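Engineer: Provided herewith is a single structure, encoded as structure tokens, for subsequent inquiry.
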Amino acid sequence: MTKPIIEVKNLAKNFGDNVVLKNITEQVNPGQVIVVIGPSGGGKSTFLRCLNLLETPTSGEVDFNGENLTTLDPKRVNELREQMGMVFQNFNLFPNMTVLENIKLAPMKVKGIDDTTAPKRAHELLKQVNLDDHADAFPGSLSGGQAQRVAIARALAMDPKVMLFDEPTSALDPEMVGEVLNVMKELANQGMTMVVVTHEMGFAKSVADRVWFMADGFIQENNTPESFFSDPQTERAQDFLSKILM
Amino acid sequence: MKKKWVLFFALVIALFTGATMTGTTAHAASDDSLAQVQKKGTLVMGTSPDYPPYEFQATVHGKTKVVGMDVAVGEKIAKDLGVKLEVKSMSFDSLLVALQTGKVDMVISGMNPTPARKKNVDFTHTYYQGGYSIVINKADKGIYKNKDSFKGKTIGAQTGSTMYNESKKQTTDTTVKGMTSVSDLILGLQSHKLQGVAMEKPSAEAYVSNNKELASIPSDFDLSASDTSASVAFKKGSTSLVAAANKSVDQIKKQNLVNKDYLPAAGKYLKTNTVNTSMLHYWKAFLKGVEYTLIITVCSVFFGFILGVLLALARMAQGGPLMTGLRWLATAYVEFIRGTPMMVQVMFVYFGLGLVVNLPALMSGIIAISLNSGAYVAEYIRGGINSVDKGQTEAARSLGMSRGYTMRYVVLPQALKNIWPSLGNEFITLIKDSSIVSIIGVSELIFQSNIVRSDTYRGVAPIAVIMVLYFILTFTASRILNFFERRMQHD
Ligand SMILES: Nc1ncnc2c1ncn2[C@@H]1O[C@H](COP(=O)(O)OP(=O)(O)O)[C@@H](O)[C@H]1O
Ligand SMILES: [Mg+2]
């Protein structure tokens, strides 16, 4: 029996009176690729951000490798965040640093890796995302697809155990979606544990181990991609799929 | 890191509150004023050197120094006490405050021992008995006879002086305008904003003999002897020092030293003064002004920036009661500083803080301007930090970076880049605003130009010179800042 790497227990989150997450209990096993899909405003981003405590849960617990993040001191939370890379819809690259500097900043400052090892590793990662020739470019000069691949490389530079993706392709021009999804597929093939919020159904079908359908603040359906797309169990999911698969 | 700020703020607050509390207890102790001066070995004399022949600045062998009959009196007293005389220049208004706060040991500045002043300071016997004249434009000589000829007109007098008060009291339908320096008054006269300037007779004579356009008429003020006499002022309660000084003063009177030696000597300086009144001749004085203006500005920008960053971070502190307290304090500080005039802050640091630690005027000026600038810079920085996209913080935190690292390596560099133009403006504003410290006698540009003005009896030329100098400074600074701004633009 493998131990889950992420365990969410009775997670709830309110913003003031707005109840955004309701009593979610799920788990992610090492090596699994989870795709979270669902209508906009359903709480997917909030859920993902609760996993690495960018958002503080109102109640419930988030365990990472058996440690309950919600009770840890900030220092330990920082240490565990290193192990959960996150990729954002808007890339959030540091605009005042070159691509290389973006990637090596955290390894050097947080892990104390020296200034010869860190760039070497950064170049390796850039090769992995096919961007090594852009190492000295500033983010402002990159296309969306390139920027998102740099953002992935930056997250990987901390050698995370889990990668969280929040709609990584939603801000991209259609012709650039493929290059980013390919990098993600490769990552999945290498055995990376991933939680991916996306509207790319093709990716979900071909890469996901499980699909979590999220709406109205909780996970309505946790299914394999095959049965989720061919035979959704909940009415909410049937409704959602009928709208997007037209 | 955090502890250091707390300490720093505690220190600032302690200095501020301490300054106001210890003030009243200082002179309760028994009188050891004489012993203290002798132990120090120097006697510090405060004076407002724009009142020839009492006191004024003269260029002697290329160096400017304060001379005049009052300085001679001061030298005599110091010599008789067996100590060295040190002359400190400041505006007439500031003199008694400086005395009460221990910035100077005595004031000799043609000061009349009026009953009002006697309440606050102790005076020696009179060392000189003068009288009042009114200086007018020579062209008006037939029009004005004495104080009563100025109905519907304006006469000027040095703010805070006896002449000012008497002019107000003893004229009817006459506007009395006060200005800080006599050279400004003379300028006002020559530009016909004033029709007459009331001043002591020896001063009037000095101005008239040095400026062919001016004439002097008797004032005919009805005055008691104490209103026209000049005495040396000491801090209230320094009986032993006053007694010692009185010995010197009595000798001066008995031997008629003022009329026999001091006034003629002062007159000689006045002559050398008017030999060469070209602005070029005073380049050293102006250079010194530029130097001090730059020192004050650069130091204040540096410390103001550091303080500004700390304040901005403190204003955004989040967490327990300590952080809330810190945030509250920083907010209060910023609001308070921004809600009070810089001039008052400069005086408060120099005179108020001076009760606790004796800071030189230059340092007081730098401290005051840094404290002031810090409050403004803090607001720019806070705005800059808020202008950085929240996604930047989230990206950094998701990489495991702590709050502090995120601020230091990701948010602050971008914030500073965003607010660089505002910071540059602050720097340029400071070049100009540093002129405020002239009121406590720091020899920056304005102060130096005033010296040159009273030195040369030329009102406008020195102002024109420093205007050009200020412009050169600010223009150069803005070019340099633009250069760096362009270098920072790479996205
Ligand atoms: N920082 C916030 N403050 C207040 N409300 C928020 C905040 N973030 C998200 N919400 C609200 O939470 C709900 C879910 O948002 P989100 O998690 O972004 O959904 P999704 O990613 O599925 O579109 C929305 O109603 C949104 O308005
Ligand atoms: Mg979202």
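The chains in the structure tokens are called A, B, ... from first to last as shown; in each chain the residues are counted from 1, and the ligands are counted from 1 in the order shown.
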Please list as a PyMOL selection string every residue within 8 Å of region 31-37 of chain A, counting only C-alpha atoms and excluding residues in the same chain fewer than 2 positions away.
Structural biologist: chain A and resi 28-29+39+44+188+191-199+204+207-214
Engineer: Residues within 6 Å of region 227-232 of chain B, please, as a PyMOL selection string. Count only C-alpha atoms; anything in the same chain fewer than 4 positions from it doesn't count.
Structural biologist: chain B and resi 107-108+110-112+123-124+126-131+223
Engineer: Excluding Leu85 (chain B) and residues on its chain fewer than 4 positions from it, collect all residues at most 7 Å away from it, counting only C-alpha atoms, and give them as a compact mmCIF listing (two decimals) with N, CA, C and O atoms, in the first residue's frame.
Structural biologist:
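Wrote part-v8.txt, looks like this:
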# COMPACT_ATOMS: atom_id res chain seq x y z
N THR B 42 36.24 77.12 26.37
CA THR B 42 35.72 77.98 25.29
C THR B 42 34.44 78.66 25.75
O THR B 42 33.68 78.12 26.57
N LEU B 43 34.25 79.85 25.21
CA LEU B 43 33.03 80.59 25.49
C LEU B 43 32.34 80.76 24.14
O LEU B 43 32.90 81.34 23.22
N VAL B 44 31.14 80.18 24.04
CA VAL B 44 30.47 80.21 22.75
C VAL B 44 29.52 81.40 22.69
O VAL B 44 28.63 81.54 23.52
N GLU B 75 35.36 88.93 22.54
CA GLU B 75 36.75 88.53 22.69
C GLU B 75 37.34 89.03 24.00
O GLU B 75 38.09 88.32 24.68
N ALA B 78 35.99 86.85 26.83
CA ALA B 78 36.63 85.54 26.79
C ALA B 78 38.06 85.63 27.31
O ALA B 78 38.51 84.81 28.11
Engineer: Can you work out which one of A:Asn96, A:Asn18, A:Gln233, A:Asn65 has the shortest atom-to-atom distance to ligand 1, counting only C-alpha atoms and all ligand atoms?
Structural biologist: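 Comparing A:Asn96, A:Asn18, A:Gln233, A:Asn65 against ligand 1, the winner is A:Asn18.
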Engineer: Contacts from chain B to chain A, 8 Å maximum, only C-alpha atoms: show me the residue list as a PyMOL selection string.
Structural biologist: chain B and resi 391-392+394-402+405+410+413-414+490-491
Engineer: Would you save the residues from that selection as a JSON list (two decimals), in the first residue's frame, using C-alpha atoms?
Structural biologist:
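again.json, written as the output of this step:
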[["chain", "number", "residue", "atom", "x", "y", "z"],
["B", 391, "GLY", "CA", 1.33, 37.07, -8.45],
["B", 392, "GLN", "CA", 4.98, 37.92, -7.91],
["B", 394, "GLU", "CA", 2.72, 34.12, -4.78],
["B", 395, "ALA", "CA", 5.28, 32.79, -7.23],
["B", 396, "ALA", "CA", 8.12, 33.50, -4.81],
["B", 397, "ARG", "CA", 6.29, 32.00, -1.85],
["B", 398, "SER", "CA", 5.36, 28.90, -3.87],
["B", 399, "LEU", "CA", 9.09, 28.38, -4.45],
["B", 400, "GLY", "CA", 9.60, 28.15, -0.71],
["B", 401, "MET", "CA", 10.94, 31.67, -0.23],
["B", 402, "SER", "CA", 10.13, 33.23, 3.13],
["B", 405, "TYR", "CA", 13.28, 36.90, 1.10],
["B", 410, "VAL", "CA", 11.44, 39.85, -5.61],
["B", 413, "PRO", "CA", 13.64, 45.53, -6.48],
["B", 414, "GLN", "CA", 10.55, 45.84, -8.66],
["B", 490, "HIS", "CA", 14.93, 46.22, -19.86],
["B", 491, "ASP", "CA", 11.46, 44.85, -20.18]]
Engineer: How far is it from CA of Ser435 (chain B) to CA of Gly304 (chain B), in Å with one decimal?
Structural biologist: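 Between CA of Ser435 (chain B) and CA of Gly304 (chain B) the gap is 16.7 Å.
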Engineer: If you measure from CA of Val180 (chain A) to CA of Glu167 (chain A), what distance in Å do you get, rounded to one decimal?
Structural biologist: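 CA of Glu167 (chain A) lies 11.2 Å from CA of Val180 (chain A).
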Engineer: Which of these residues is nearest to Ser181 (chain B), using only C-alpha atoms: B:Thr331, B:Asn165, B:Ser48, B:Thr64?
Structural biologist: B:Ser48
Engineer: Could you work out how far CA of Ser40 (chain A) lies from CA of Thr70 (chain A), giving the answer in Å with one decimal?
Structural biologist: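 CA of Ser40 (chain A) lies 26.5 Å from CA of Thr70 (chain A).
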Engineer: With ligand 1 as the partner and 8 Å as the cut-off, tabulate the residues of chain A that qualify, each row holding the nearest pair of atoms and their distance in Å to one decimal, using only C-alpha atoms and all ligand atoms, sorted by chain and rising number, as a tab-separated table.
Structural biologist:
residue	atom	partner	partner_atom_place_in_ligand_line	distance
A:Asn14	CA	ligand 1	12 (O)	8.0
A:Phe15	CA	ligand 1	4 (C)	4.9
A:Gly16	CA	ligand 1	4 (C)	7.4
A:Asn18	CA	ligand 1	5 (N)	7.0
A:Val19	CA	ligand 1	12 (O)	7.7
A:Val20	CA	ligand 1	12 (O)	5.1
A:Leu21	CA	ligand 1	14 (C)	8.0
A:Gly38	CA	ligand 1	22 (O)	6.7
A:Pro39	CA	ligand 1	22 (O)	6.2
A:Ser40	CA	ligand 1	23 (O)	3.7
A:Gly41	CA	ligand 1	23 (O)	3.4
A:Gly42	CA	ligand 1	22 (O)	3.9
A:Gly43	CA	ligand 1	17 (O)	3.3
A:Lys44	CA	ligand 1	22 (O)	3.6
A:Ser45	CA	ligand 1	21 (O)	3.6
A:Thr46	CA	ligand 1	17 (O)	3.6
A:Phe47	CA	ligand 1	17 (O)	6.4
A:Asp166	CA	ligand 1	21 (O)	7.9
A:Met214	CA	ligand 1	22 (O)	7.7
A:Ala215	CA	ligand 1	22 (O)	7.5
A:Gly217	CA	ligand 1	14 (C)	7.5
Engineer: Which residues are near Ala378 (chain B)? Cut-off 10 Å, only C-alpha atoms, ignore same chain within fewer than 4 positions. Put them as a PyMOL selection string.
Structural biologist: chain B and resi 304-315+330-331+334+373-374+382-384
Engineer: DSSP on the backbone, strand (DSSP E) only: what residues of region 121-196 of chain A does that give? Format it as a ChimeraX atom specification.
Structural biologist: /A:162-166,193-196
Engineer: Those same residues, written as a PDB file, in the first residue's frame with all heavy atoms?
Structural biologist:
ATOM      1  N   VAL A 162       5.825  17.276  -5.885  1.00  0.00           N
ATOM      2  CA  VAL A 162       4.503  17.428  -6.491  1.00  0.00           C
ATOM      3  C   VAL A 162       4.509  18.715  -7.295  1.00  0.00           C
ATOM      4  O   VAL A 162       5.144  19.686  -6.917  1.00  0.00           O
ATOM      5  CB  VAL A 162       3.412  17.526  -5.393  1.00  0.00           C
ATOM      6  CG1 VAL A 162       2.052  17.808  -6.004  1.00  0.00           C
ATOM      7  CG2 VAL A 162       3.364  16.264  -4.552  1.00  0.00           C
ATOM      8  N   MET A 163       3.809  18.715  -8.435  1.00  0.00           N
ATOM      9  CA  MET A 163       3.644  19.959  -9.187  1.00  0.00           C
ATOM     10  C   MET A 163       2.162  20.301  -9.255  1.00  0.00           C
ATOM     11  O   MET A 163       1.327  19.452  -9.581  1.00  0.00           O
ATOM     12  CB  MET A 163       4.195  19.793 -10.612  1.00  0.00           C
ATOM     13  CG  MET A 163       5.703  19.779 -10.698  1.00  0.00           C
ATOM     14  SD  MET A 163       6.436  21.422 -10.495  1.00  0.00           S
ATOM     15  CE  MET A 163       6.139  22.109 -12.114  1.00  0.00           C
ATOM     16  N   LEU A 164       1.853  21.572  -8.932  1.00  0.00           N
ATOM     17  CA  LEU A 164       0.475  22.044  -9.002  1.00  0.00           C
ATOM     18  C   LEU A 164       0.371  22.989 -10.201  1.00  0.00           C
ATOM     19  O   LEU A 164       1.186  23.892 -10.353  1.00  0.00           O
ATOM     20  CB  LEU A 164       0.109  22.806  -7.720  1.00  0.00           C
ATOM     21  CG  LEU A 164       0.426  22.100  -6.393  1.00  0.00           C
ATOM     22  CD1 LEU A 164       0.131  23.034  -5.211  1.00  0.00           C
ATOM     23  CD2 LEU A 164      -0.376  20.806  -6.261  1.00  0.00           C
ATOM     24  N   PHE A 165      -0.621  22.758 -11.050  1.00  0.00           N
ATOM     25  CA  PHE A 165      -0.802  23.628 -12.221  1.00  0.00           C
ATOM     26  C   PHE A 165      -2.185  24.255 -12.154  1.00  0.00           C
ATOM     27  O   PHE A 165      -3.182  23.537 -12.044  1.00  0.00           O
ATOM     28  CB  PHE A 165      -0.708  22.811 -13.519  1.00  0.00           C
ATOM     29  CG  PHE A 165       0.649  22.240 -13.807  1.00  0.00           C
ATOM     30  CD1 PHE A 165       1.066  21.053 -13.206  1.00  0.00           C
ATOM     31  CD2 PHE A 165       1.506  22.867 -14.698  1.00  0.00           C
ATOM     32  CE1 PHE A 165       2.314  20.512 -13.490  1.00  0.00           C
ATOM     33  CE2 PHE A 165       2.756  22.332 -14.988  1.00  0.00           C
ATOM     34  CZ  PHE A 165       3.164  21.159 -14.376  1.00  0.00           C
ATOM     35  N   ASP A 166      -2.245  25.600 -12.214  1.00  0.00           N
ATOM     36  CA  ASP A 166      -3.552  26.252 -12.215  1.00  0.00           C
ATOM     37  C   ASP A 166      -3.820  26.837 -13.598  1.00  0.00           C
ATOM     38  O   ASP A 166      -3.355  27.922 -13.929  1.00  0.00           O
ATOM     39  CB  ASP A 166      -3.607  27.351 -11.140  1.00  0.00           C
ATOM     40  CG  ASP A 166      -5.022  27.881 -10.960  1.00  0.00           C
ATOM     41  OD1 ASP A 166      -5.934  27.378 -11.653  1.00  0.00           O
ATOM     42  OD2 ASP A 166      -5.217  28.794 -10.130  1.00  0.00           O
ATOM     43  N   THR A 193       4.340  13.534  -9.658  1.00  0.00           N
ATOM     44  CA  THR A 193       2.993  13.653  -9.114  1.00  0.00           C
ATOM     45  C   THR A 193       2.461  15.025  -9.492  1.00  0.00           C
ATOM     46  O   THR A 193       3.140  16.025  -9.276  1.00  0.00           O
ATOM     47  CB  THR A 193       3.027  13.530  -7.577  1.00  0.00           C
ATOM     48  OG1 THR A 193       3.797  12.389  -7.239  1.00  0.00           O
ATOM     49  CG2 THR A 193       1.628  13.437  -7.005  1.00  0.00           C
ATOM     50  N   MET A 194       1.259  15.078 -10.071  1.00  0.00           N
ATOM     51  CA  MET A 194       0.762  16.360 -10.561  1.00  0.00           C
ATOM     52  C   MET A 194      -0.706  16.548 -10.224  1.00  0.00           C
ATOM     53  O   MET A 194      -1.487  15.599 -10.300  1.00  0.00           O
ATOM     54  CB  MET A 194       0.947  16.460 -12.098  1.00  0.00           C
ATOM     55  CG  MET A 194       2.410  16.449 -12.477  1.00  0.00           C
ATOM     56  SD  MET A 194       2.848  16.200 -14.211  1.00  0.00           S
ATOM     57  CE  MET A 194       1.742  17.139 -15.148  1.00  0.00           C
ATOM     58  N   VAL A 195      -1.061  17.782  -9.835  1.00  0.00           N
ATOM     59  CA  VAL A 195      -2.466  18.154  -9.717  1.00  0.00           C
ATOM     60  C   VAL A 195      -2.671  19.299 -10.699  1.00  0.00           C
ATOM     61  O   VAL A 195      -2.049  20.352 -10.568  1.00  0.00           O
ATOM     62  CB  VAL A 195      -2.833  18.602  -8.289  1.00  0.00           C
ATOM     63  CG1 VAL A 195      -4.312  18.961  -8.208  1.00  0.00           C
ATOM     64  CG2 VAL A 195      -2.485  17.506  -7.289  1.00  0.00           C
ATOM     65  N   VAL A 196      -3.503  19.072 -11.715  1.00  0.00           N
ATOM     66  CA  VAL A 196      -3.611  20.023 -12.818  1.00  0.00           C
ATOM     67  C   VAL A 196      -5.052  20.507 -12.942  1.00  0.00           C
ATOM     68  O   VAL A 196      -5.961  19.709 -13.166  1.00  0.00           O
ATOM     69  CB  VAL A 196      -3.186  19.358 -14.151  1.00  0.00           C
ATOM     70  CG1 VAL A 196      -3.216  20.383 -15.274  1.00  0.00           C
ATOM     71  CG2 VAL A 196      -1.813  18.717 -14.024  1.00  0.00           C
TER      72      VAL A 196
END
Engineer: For the alpha helix (DSSP H) assignment from backbone DSSP, which residues of region 94-204 of chain B qualify? Please present them as JSON, numbers by chain.
Structural biologist: {"B": [94, 95, 96, 97, 98, 99, 100, 115, 116, 117, 118, 162, 163, 164, 165, 166, 167, 168, 169, 170, 182, 183, 184, 185, 186, 187, 188, 189, 190, 201, 202, 203, 204]}
Engineer: Name all residues at most 12 Å from Thr116 (chain A) (count only C-alpha atoms; drop same-chain ones fewer than 6 positions away) and give them as a count of residues only.
Structural biologist: 5
